[in-house]
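Q: One structure follows; several queries about it will come next.
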Amino acid sequence: IEGSCRTGDEVSLMPTGINAKIRSIQVYGQEAEQAFAGQRTALNLTVKTEAIDRGSVVARPGSMIKTFMVDVRLYLLENTQRTVLNNSHVHFYYGSDEVIGKVVLLDRDEQLPGETAYAQIRFEHEIALKRLDHFAIRFYSPLETIGGGLVLDASPRRHKRRQEDVLASMQIKDTGTKEELMERFLEEESPVFPDTRLLSLKTGFP
């Protein structure tokens, strides 16, 4: 998805946090010393296959945060026959993984086809993804694709609905400048005295 990896690199499997080394790499079926984002890549890791779950993310140690919820910009397809009610359960797809999540609509009680809304999605178990990752959602039952969106905050605090400051924060995380975004994350994380590593994880800035 991003960056590169090289034989011998230390990596973490997320969200479990299991550490491993890259024994060898294949790119498009050929042995390689290094692989880059966008290439179809196979990694031989120093862990048992039983430790790897479908949807696991291979990342540099310390580069991702585990989370039970995400803030998102959520879009429903114009041609879907379904709507999303506040507290609806959906199937959330990111990468090759799927998890059940509850949609908390922050400014309305129902999202209609073709509409875009800010929401917080809360999951049944921890996942690992990053700000600006894309996702798709499917209706809980029957199983059909109804929309998708963009992750605006991969490790937010739990929000109350219809709060002007929360909606203003979502807007900044969606369309704000880098300076506005850094200021917002610094303000929100100030109770825990954030360091540069945490701010980098939250914003995606180097």
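Ordering of the structure tokens sets the chain letters (A, B, ...); residue numbers start at 1 within each chain; ligands are numbered from 1 in the order shown.
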Taking 4 positions as the minimum chain separation for residues in the same chain, which residues sit within 8 Å of range 200-203 of chain A when counting only C-alpha atoms? Answer as a CSV table (one decimal) with N, CA and C atoms, in the first residue's frame.
A:
```csv
chain,number,residue,atom,x,y,z
A,63,SER,N,4.5,1.8,13.6
A,63,SER,CA,4.0,2.7,12.6
A,63,SER,C,2.5,2.7,12.5
A,64,MET,N,1.8,1.8,13.3
A,64,MET,CA,0.3,1.7,13.3
A,64,MET,C,-0.2,1.6,14.7
A,65,ILE,N,-1.5,2.1,14.8
A,65,ILE,CA,-2.2,2.0,16.1
A,65,ILE,C,-3.4,1.1,16.0
A,131,ARG,N,-5.2,6.7,8.7
A,131,ARG,CA,-5.9,7.8,8.2
A,131,ARG,C,-5.8,7.8,6.7
A,153,ASP,N,-9.9,9.6,10.9
A,153,ASP,CA,-9.1,9.5,12.1
A,153,ASP,C,-9.1,8.0,12.4
A,154,ALA,N,-8.0,7.4,12.5
A,154,ALA,CA,-7.9,5.9,12.7
A,154,ALA,C,-7.9,5.5,14.2
A,155,SER,N,-7.9,6.5,15.1
A,155,SER,CA,-7.9,6.1,16.5
A,155,SER,C,-8.5,7.3,17.3
A,181,LEU,N,-4.8,20.7,10.3
A,181,LEU,CA,-4.9,19.3,10.8
A,181,LEU,C,-4.0,19.1,11.9
A,182,MET,N,-2.7,19.5,11.8
A,182,MET,CA,-1.8,19.3,12.9
A,182,MET,C,-2.3,20.0,14.2
A,185,PHE,N,-5.2,17.9,15.7
A,185,PHE,CA,-4.7,16.7,16.4
A,185,PHE,C,-4.0,17.0,17.7
A,196,THR,N,6.1,13.5,19.1
A,196,THR,CA,6.1,13.6,17.6
A,196,THR,C,5.7,12.3,16.9
```
Q: Could you please write out, as a VMD selection string, every residue of range 88-188 of chain A that DSSP assigns to strand (DSSP E or B)?
A: chain A and resid 88 to 94 97 to 105 110 to 111 116 to 128 134 to 139 145 to 153
Q: Measuring between only C-alpha atoms, which one of A:Leu150, A:Ala117, A:Val104, A:Ile52 shows the shortest distance to Val90 in chain A?
A: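 Once distances to Val90 in chain A are computed over only C-alpha atoms, the minimum belongs to A:Val104.
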Q: Within 9 Å of Gly38 in chain A, counting only C-alpha atoms, which residues qualify if same-chain residues fewer than 3 places away don't, as a PyMOL selection string?
A: chain A and resi 1-2+35+41
Q: Atoms to include: N, CA, C and O atoms. Write the selected residues as a PDB file, in the first residue's frame.
A:
```pdb
ATOM      1  N   ILE A   1       0.836  -1.201   0.000  1.00  0.00           N
ATOM      2  CA  ILE A   1       0.000   0.000   0.000  1.00  0.00           C
ATOM      3  C   ILE A   1       0.869   1.249   0.000  1.00  0.00           C
ATOM      4  O   ILE A   1       0.583   2.222  -0.678  1.00  0.00           O
ATOM      5  N   GLU A   2       1.951   1.221   0.806  1.00  0.00           N
ATOM      6  CA  GLU A   2       2.855   2.372   0.837  1.00  0.00           C
ATOM      7  C   GLU A   2       4.244   1.911   1.245  1.00  0.00           C
ATOM      8  O   GLU A   2       4.409   0.834   1.825  1.00  0.00           O
ATOM      9  N   ALA A  35      10.850  -4.851  -2.210  1.00  0.00           N
ATOM     10  CA  ALA A  35       9.557  -4.672  -2.876  1.00  0.00           C
ATOM     11  C   ALA A  35       9.018  -3.288  -2.543  1.00  0.00           C
ATOM     12  O   ALA A  35       9.275  -2.744  -1.458  1.00  0.00           O
ATOM     13  N   THR A  41       3.284  -8.788  -4.055  1.00  0.00           N
ATOM     14  CA  THR A  41       4.440  -9.212  -3.276  1.00  0.00           C
ATOM     15  C   THR A  41       4.089 -10.365  -2.350  1.00  0.00           C
ATOM     16  O   THR A  41       3.030 -10.374  -1.733  1.00  0.00           O
TER      17      THR A  41
END
```
Q: Which residues, written as a list in words, have at least one atom at most 9 Å from Leu129 in chain A, with only C-alpha atoms counted and residues fewer than 6 positions away on the same chain left out?
A: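 Here the answer would be Met14, Pro15, Val57, Met64, Ile65, Lys66, Thr67, Tyr94, Gly95, Val151 and Ala154 of chain A.
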Q: I need the chosen residues saved as a compact mmCIF listing (two decimals), in the first residue's frame, with C-alpha atoms.
A:
```txt
# COMPACT_ATOMS: atom_id res chain seq x y z
CA MET A 14 -1.17 -5.89 13.01
CA PRO A 15 -3.46 -5.80 14.88
CA VAL A 57 -1.30 -5.90 8.02
CA MET A 64 0.33 1.74 13.28
CA ILE A 65 -2.19 2.02 16.12
CA LYS A 66 -4.78 -0.61 17.03
CA THR A 67 -8.29 0.73 17.40
CA TYR A 94 -10.68 -2.78 4.35
CA GLY A 95 -7.72 -4.42 2.64
CA VAL A 151 -10.93 7.12 7.19
CA ALA A 154 -7.90 5.93 12.71
```
Q: With distances taken over only C-alpha atoms, which residue among A:Leu199, A:Ile127, A:Ala59, A:Val72 lies nearest Val99 in chain A?
A: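 Counting only C-alpha atoms, the residue closest to Val99 in chain A is A:Ile127.
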Q: DSSP on the backbone: which residues in chain A end up as helix (DSSP H, G or I)? Give the answer as a PyMOL selection string.
A: chain A and resi 49-51+164-175+178-192+196-203
Q: Please identify all polymer residues within 6 Å of Lys21 in chain A, counting only C-alpha atoms, omitting same-chain residues fewer than 3 positions from it, and present them as a ChimeraX atom specification.
A: /A:8-11,45-46
Q: Choose the residue, out of A:Ala51, A:Leu106, A:Ile18, A:Leu74, that has the smallest atom-to-atom separation from Asp165 in chain A; count only C-alpha atoms.
A: A:Leu106
Q: Could you tell me how far CA of Thr80 in chain A sits from CA of Lys102 in chain A, in Å to one decimal place?
A: 19.1 Å
Q: Hey, can you check how far CA of Ala20 in chain A sits from CA of Cys5 in chain A?
A: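 Separation of CA of Ala20 in chain A and CA of Cys5 in chain A: 12.8 Å.
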